[in-house]
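Trainee: For reference, this is my_file37.cif, and it has mmCIF, C-alpha atoms.
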```cif
data_run
loop_
_atom_site.group_PDB
_atom_site.id
_atom_site.type_symbol
_atom_site.label_atom_id
_atom_site.label_comp_id
_atom_site.auth_asym_id
_atom_site.auth_seq_id
_atom_site.Cartn_x
_atom_site.Cartn_y
_atom_site.Cartn_z
ATOM 1 C CA MET A 19 -7.505 33.248 -16.696
ATOM 2 C CA ASP A 20 -8.991 30.961 -14.072
ATOM 3 C CA PRO A 21 -12.515 32.141 -13.131
ATOM 4 C CA ALA A 22 -11.706 32.026 -9.405
ATOM 5 C CA VAL A 23 -8.685 34.288 -9.982
ATOM 6 C CA ARG A 24 -10.769 36.650 -12.119
ATOM 7 C CA ASP A 25 -13.430 36.877 -9.394
ATOM 8 C CA GLY A 26 -10.821 37.350 -6.669
ATOM 9 C CA LEU A 27 -9.120 40.165 -8.558
ATOM 10 C CA ALA A 28 -12.430 41.829 -9.325
ATOM 11 C CA ARG A 29 -13.385 41.723 -5.626
ATOM 12 C CA THR A 30 -10.052 42.737 -4.079
ATOM 13 C CA TRP A 31 -8.588 45.233 -6.519
ATOM 14 C CA ARG A 32 -9.088 48.168 -4.117
ATOM 15 C CA LEU A 33 -7.147 46.409 -1.357
ATOM 16 C CA LEU A 34 -4.392 45.489 -3.814
ATOM 17 C CA MET A 35 -4.217 49.104 -4.945
ATOM 18 C CA LEU A 36 -4.028 50.344 -1.343
ATOM 19 C CA VAL A 37 -1.250 47.904 -0.436
ATOM 20 C CA GLY A 38 0.601 48.760 -3.644
ATOM 21 C CA VAL A 39 0.444 52.506 -3.026
ATOM 22 C CA LEU A 40 1.531 52.007 0.606
ATOM 23 C CA ALA A 41 4.464 49.855 -0.520
ATOM 24 C CA ILE A 42 5.546 52.577 -2.954
ATOM 25 C CA ALA A 43 5.245 55.245 -0.239
ATOM 26 C CA VAL A 44 7.192 53.201 2.325
ATOM 27 C CA GLY A 45 9.780 52.393 -0.358
ATOM 28 C CA CYS A 46 10.258 56.094 -1.081
ATOM 29 C CA VAL A 47 10.673 56.811 2.642
ATOM 30 C CA ALA A 48 13.208 53.965 2.909
ATOM 31 C CA ILE A 49 15.214 55.456 0.047
ATOM 32 C CA LEU A 50 15.075 58.948 1.578
ATOM 33 C CA ILE A 51 16.159 57.769 5.060
ATOM 34 C CA PRO A 52 17.952 54.457 4.413
ATOM 35 C CA ALA A 53 19.678 54.314 7.814
ATOM 36 C CA VAL A 54 16.316 54.077 9.585
ATOM 37 C CA ALA A 55 15.092 51.521 7.065
ATOM 38 C CA SER A 56 18.286 49.477 7.550
ATOM 39 C CA VAL A 57 17.817 49.321 11.310
ATOM 40 C CA GLY A 58 14.111 48.568 10.882
ATOM 41 C CA THR A 59 14.953 45.751 8.490
ATOM 42 C CA ALA A 60 17.438 44.272 10.971
ATOM 43 C CA ILE A 61 14.803 44.342 13.715
ATOM 44 C CA PHE A 62 12.196 42.817 11.390
ATOM 45 C CA ILE A 63 14.570 40.006 10.381
ATOM 46 C CA GLY A 64 15.346 39.469 14.065
ATOM 47 C CA TRP A 65 11.667 38.925 14.855
ATOM 48 C CA ILE A 66 11.308 36.582 11.893
ATOM 49 C CA LEU A 67 14.268 34.526 13.131
ATOM 50 C CA LEU A 68 12.913 34.484 16.681
ATOM 51 C CA VAL A 69 9.524 33.180 15.535
ATOM 52 C CA ALA A 70 11.170 30.724 13.128
ATOM 53 C CA GLY A 71 13.330 29.465 15.982
ATOM 54 C CA GLY A 72 10.189 28.754 17.990
ATOM 55 C CA PHE A 73 8.786 26.706 15.118
ATOM 56 C CA LEU A 74 12.115 24.896 14.793
ATOM 57 C CA VAL A 75 11.966 23.964 18.494
ATOM 58 C CA ALA A 76 8.495 22.500 18.011
ATOM 59 C CA ALA A 77 9.567 20.650 14.857
ATOM 60 C CA ALA A 78 12.684 19.247 16.528
ATOM 61 C CA PHE A 79 10.637 16.807 18.560
ATOM 62 C CA SER A 80 9.324 15.120 15.423
ATOM 63 C CA ALA A 81 12.813 13.853 14.601
ATOM 64 C CA PRO A 82 13.290 10.071 14.464
ATOM 65 C CA SER A 83 16.245 9.850 16.863
ATOM 66 C CA ILE A 84 17.467 11.626 19.984
ATOM 67 C CA GLY A 85 20.644 12.716 18.177
ATOM 68 C CA THR A 86 18.606 14.405 15.466
ATOM 69 C CA VAL A 87 16.373 16.034 18.092
ATOM 70 C CA ILE A 88 19.450 17.494 19.803
ATOM 71 C CA LEU A 89 20.921 18.762 16.530
ATOM 72 C CA ARG A 90 17.607 20.365 15.577
ATOM 73 C CA LEU A 91 17.319 21.983 19.011
ATOM 74 C CA ILE A 92 20.832 23.407 18.648
ATOM 75 C CA TRP A 93 19.874 24.812 15.224
ATOM 76 C CA ALA A 94 16.695 26.303 16.711
ATOM 77 C CA LEU A 95 18.647 27.820 19.606
ATOM 78 C CA LEU A 96 21.193 29.403 17.246
ATOM 79 C CA THR A 97 18.373 30.803 15.106
ATOM 80 C CA MET A 98 16.719 32.321 18.174
ATOM 81 C CA ILE A 99 20.030 33.758 19.467
ATOM 82 C CA VAL A 100 20.688 35.484 16.129
ATOM 83 C CA GLY A 101 17.114 36.799 16.135
ATOM 84 C CA ILE A 102 17.436 38.194 19.651
ATOM 85 C CA TRP A 103 20.815 39.710 18.782
ATOM 86 C CA LEU A 104 19.322 41.504 15.752
ATOM 87 C CA ILE A 105 16.455 42.826 17.890
ATOM 88 C CA VAL A 106 18.672 43.982 20.772
ATOM 89 C CA GLU A 107 21.617 45.239 18.680
ATOM 90 C CA PRO A 108 20.089 46.290 15.347
ATOM 91 C CA HIS A 109 22.956 48.608 14.371
ATOM 92 C CA ASN A 110 25.511 45.828 14.783
ATOM 93 C CA GLY A 111 23.056 43.595 12.968
ATOM 94 C CA THR A 112 23.006 45.953 10.009
ATOM 95 C CA LEU A 113 26.785 45.666 9.803
ATOM 96 C CA THR A 114 26.573 41.887 9.608
ATOM 97 C CA LEU A 115 23.626 41.941 7.219
ATOM 98 C CA THR A 116 25.416 44.448 4.984
ATOM 99 C CA LEU A 117 28.537 42.288 4.839
ATOM 100 C CA VAL A 118 26.444 39.228 3.960
ATOM 101 C CA LEU A 119 24.474 41.280 1.418
ATOM 102 C CA GLY A 120 27.655 42.499 -0.298
ATOM 103 C CA LEU A 121 29.063 38.974 -0.464
ATOM 104 C CA TYR A 122 25.713 37.711 -1.761
ATOM 105 C CA PHE A 123 25.657 40.243 -4.596
ATOM 106 C CA ILE A 124 29.222 39.383 -5.594
ATOM 107 C CA PHE A 125 28.540 35.630 -5.495
ATOM 108 C CA MET A 126 25.265 35.933 -7.436
ATOM 109 C CA GLY A 127 26.843 38.342 -9.907
ATOM 110 C CA VAL A 128 29.711 35.981 -10.673
ATOM 111 C CA THR A 129 27.296 33.033 -10.868
ATOM 112 C CA ARG A 130 24.981 34.823 -13.299
ATOM 113 C CA ILE A 131 27.910 35.927 -15.462
ATOM 114 C CA ALA A 132 29.152 32.307 -15.562
ATOM 115 C CA VAL A 133 25.656 31.042 -16.461
ATOM 116 C CA ALA A 134 25.332 33.669 -19.194
ATOM 117 C CA PHE A 135 28.764 32.769 -20.565
ATOM 118 C CA ALA A 136 27.848 29.061 -20.592
ATOM 119 C CA ALA A 137 24.512 29.857 -22.293
ATOM 120 C CA ARG A 138 25.929 32.337 -24.819
ATOM 121 C CA GLY A 139 24.020 32.225 -28.057
ATOM 122 C CA GLN A 140 20.781 31.301 -26.316
ATOM 123 C CA GLN A 141 17.846 33.648 -25.890
ATOM 124 C CA ASN A 142 18.199 36.102 -22.961
ATOM 125 C CA ALA A 143 21.718 34.948 -22.043
ATOM 126 C CA GLY A 144 22.859 38.538 -22.511
ATOM 127 C CA LEU A 145 20.234 39.789 -20.041
ATOM 128 C CA VAL A 146 21.363 37.217 -17.475
ATOM 129 C CA GLY A 147 24.950 38.379 -17.981
ATOM 130 C CA LEU A 148 23.918 42.023 -17.643
ATOM 131 C CA SER A 149 22.033 41.193 -14.451
ATOM 132 C CA GLY A 150 25.145 39.443 -13.159
ATOM 133 C CA LEU A 151 27.337 42.410 -13.992
ATOM 134 C CA ALA A 152 24.940 44.761 -12.203
ATOM 135 C CA GLY A 153 24.907 42.490 -9.141
ATOM 136 C CA LEU A 154 28.692 42.276 -9.145
ATOM 137 C CA ILE A 155 28.997 46.068 -9.289
ATOM 138 C CA VAL A 156 26.476 46.520 -6.450
ATOM 139 C CA GLY A 157 28.346 43.974 -4.329
ATOM 140 C CA ILE A 158 31.674 45.675 -4.966
ATOM 141 C CA LEU A 159 30.199 49.089 -4.128
ATOM 142 C CA ILE A 160 28.721 47.790 -0.876
ATOM 143 C CA LEU A 161 31.924 46.082 0.235
ATOM 144 C CA ALA A 162 34.201 48.914 -0.932
ATOM 145 C CA LYS A 163 32.424 51.314 1.416
ATOM 146 C CA PHE A 164 31.990 48.811 4.277
ATOM 147 C CA PRO A 165 31.285 49.464 7.173
ATOM 148 C CA SER A 166 29.815 52.874 6.275
ATOM 149 C CA SER A 167 27.652 51.192 3.619
ATOM 150 C CA ALA A 168 25.668 49.619 6.478
ATOM 151 C CA ASP A 169 24.039 53.019 6.929
ATOM 152 C CA TRP A 170 22.472 52.999 3.476
ATOM 153 C CA ALA A 171 22.745 49.704 1.578
ATOM 154 C CA ILE A 172 19.987 47.648 3.177
ATOM 155 C CA GLY A 173 17.548 50.553 3.451
ATOM 156 C CA LEU A 174 18.149 51.588 -0.140
ATOM 157 C CA LEU A 175 17.675 48.077 -1.508
ATOM 158 C CA VAL A 176 14.590 47.456 0.638
ATOM 159 C CA GLY A 177 13.172 50.767 -0.617
ATOM 160 C CA ILE A 178 13.791 49.837 -4.237
ATOM 161 C CA ASP A 179 12.242 46.408 -3.703
ATOM 162 C CA LEU A 180 9.175 47.917 -2.045
ATOM 163 C CA ILE A 181 8.694 50.326 -4.948
ATOM 164 C CA PHE A 182 8.887 47.477 -7.480
ATOM 165 C CA ALA A 183 6.512 45.349 -5.380
ATOM 166 C CA GLY A 184 4.103 48.281 -5.097
ATOM 167 C CA TRP A 185 4.303 48.891 -8.815
ATOM 168 C CA THR A 186 3.451 45.228 -9.455
ATOM 169 C CA LEU A 187 0.548 45.284 -7.008
ATOM 170 C CA THR A 188 -0.925 48.458 -8.493
ATOM 171 C CA SER A 189 -0.641 46.955 -11.983
ATOM 172 C CA VAL A 190 -2.479 43.831 -10.840
ATOM 173 C CA ALA A 191 -5.058 46.027 -9.091
ATOM 174 C CA LEU A 192 -5.742 47.873 -12.349
ATOM 175 C CA VAL A 193 -6.426 44.536 -14.058
ATOM 176 C CA GLY A 194 -8.802 43.697 -11.203
ATOM 177 C CA LYS A 195 -10.497 47.064 -11.611
ATOM 178 C CA ASP A 196 -11.074 46.364 -15.312
ATOM 179 C CA LEU A 197 -12.415 42.910 -14.451
ATOM 180 C CA SER A 198 -14.820 44.375 -11.903
ATOM 181 C CA ARG A 199 -16.195 46.725 -14.560
ATOM 182 C CA GLY A 200 -16.312 44.017 -17.199
ATOM 183 C CA THR A 201 -13.939 45.935 -19.489
ATOM 184 C CA ALA A 202 -11.070 43.438 -19.444
ATOM 185 C CA ARG A 203 -10.760 40.905 -22.229
ATOM 186 C CA PRO A 204 -10.933 37.292 -21.080
ATOM 187 C CA ALA A 205 -7.529 35.599 -21.183
#
```
Have the structure of the file written as structure tokens, please.

Mentor:
Amino acid sequence: MDPAVRDGLARTWRLLMLVGVLAIAVGCVAILIPAVASVGTAIFIGWILLVAGGFLVAAAFSAPSIGTVILRLIWALLTMIVGIWLIVEPHNGTLTLTLVLGLYFIFMGVTRIAVAFAARGQQNAGLVGLSGLAGLIVGILILAKFPSSADWAIGLLVGIDLIFAGWTLTSVALVGKDLSRGTARPA
């Protein structure tokens, strides 16, 4: 392991542990009350799009021609409009996000199944196919219950993702803790 990474982990393991535990806690809350987490996610994405739209406006003026500047400004304006819409109408935003999420899972599921089929006989092709099948099933479940799935799908998936992210962070923090005590083996 790179010495700078080792030192960084040894110094920051407590912060990593704290963030990891908080992510797990927030993930559990999101799973328990997914409707609130879904609306919160829509608002969060809205703010991200609003800020990104501002950066896109600034970047538009670096374009080489006036036509490109105008196209980039239109793109920035659309990004900002969607962001504002998600902030002002988060429940309607969750409906749209849920529809897109369901379609995404179906598309990615079919794609992964096709990749696994094309790679059959190679290492881990079966796992890719299994992942694709799981994604396809999740997409079908989301779309089969649409629009009522907007009340739970995004919040549930965000909760699960936060738990996995927290689990990863706490695992890394434990490595950092061992490094800070000098008990970890050098890699």

Trainee: Just the number, please: distance in Å from atom CA of Ala41 of chain A to atom CA of Ala60 of chain A, one decimal.

Mentor: 18.2 Å

Trainee: Determine the residue membership of the PyMOL selection byres ((chain A and resi 43) around 12) for the file above and supply it as a short mmCIF file (atom, residue, chain, number, x, y, z; two decimals) with C-alpha atoms, in the coordinates of the input.

Mentor:
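Output contents, as saved in part.cif:
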```cif
data_model
loop_
_atom_site.label_atom_id
_atom_site.label_comp_id
_atom_site.auth_asym_id
_atom_site.auth_seq_id
_atom_site.Cartn_x
_atom_site.Cartn_y
_atom_site.Cartn_z
CA LEU A 36 -4.03 50.34 -1.34
CA VAL A 37 -1.25 47.90 -0.44
CA GLY A 38 0.60 48.76 -3.64
CA VAL A 39 0.44 52.51 -3.03
CA LEU A 40 1.53 52.01 0.61
CA ALA A 41 4.46 49.86 -0.52
CA ILE A 42 5.55 52.58 -2.95
CA VAL A 44 7.19 53.20 2.33
CA GLY A 45 9.78 52.39 -0.36
CA CYS A 46 10.26 56.09 -1.08
CA VAL A 47 10.67 56.81 2.64
CA ALA A 48 13.21 53.96 2.91
CA ILE A 49 15.21 55.46 0.05
CA LEU A 50 15.08 58.95 1.58
CA GLY A 177 13.17 50.77 -0.62
CA ILE A 178 13.79 49.84 -4.24
CA ASP A 179 12.24 46.41 -3.70
CA LEU A 180 9.18 47.92 -2.04
CA ILE A 181 8.69 50.33 -4.95
CA PHE A 182 8.89 47.48 -7.48
CA ALA A 183 6.51 45.35 -5.38
CA GLY A 184 4.10 48.28 -5.10
CA TRP A 185 4.30 48.89 -8.82
#
```

Trainee: The PyMOL selection byres ((chain A and resi 122) around 12) on the file shown: which residues, as a PyMOL selection string?

Mentor: chain A and resi 115-121+123-130+150+153-158+160-161

Trainee: Name the residues, using the chain letters and numbers of the file, that sit within 12 Å of (-10.6, 36.3, -7.4) when counting only C-alpha atoms, and give them as a PyMOL selection string.

Mentor: chain A and resi 19-31+34+190-191+193-195+197-198

Trainee: Which residue gives the smallest distance to Ala77 of chain A among A:Leu113, A:Ala171, A:Ile63, A:Ala94, with only C-alpha atoms counted?

Mentor: A:Ala94

Trainee: If we count all atoms listed in the file, what is near Val146 of chain A at a cut-off of 9 Å, once residues fewer than 6 positions away on the same chain are taken out, given as a PDB file with C-alpha atoms, keeping the file's coordinate frame?

Mentor:
```pdb
ATOM      1  CA  ARG A 130      24.981  34.823 -13.299  1.00  0.00           C
ATOM      2  CA  ILE A 131      27.910  35.927 -15.462  1.00  0.00           C
ATOM      3  CA  VAL A 133      25.656  31.042 -16.461  1.00  0.00           C
ATOM      4  CA  ALA A 134      25.332  33.669 -19.194  1.00  0.00           C
TER       5      ALA A 134
END
```
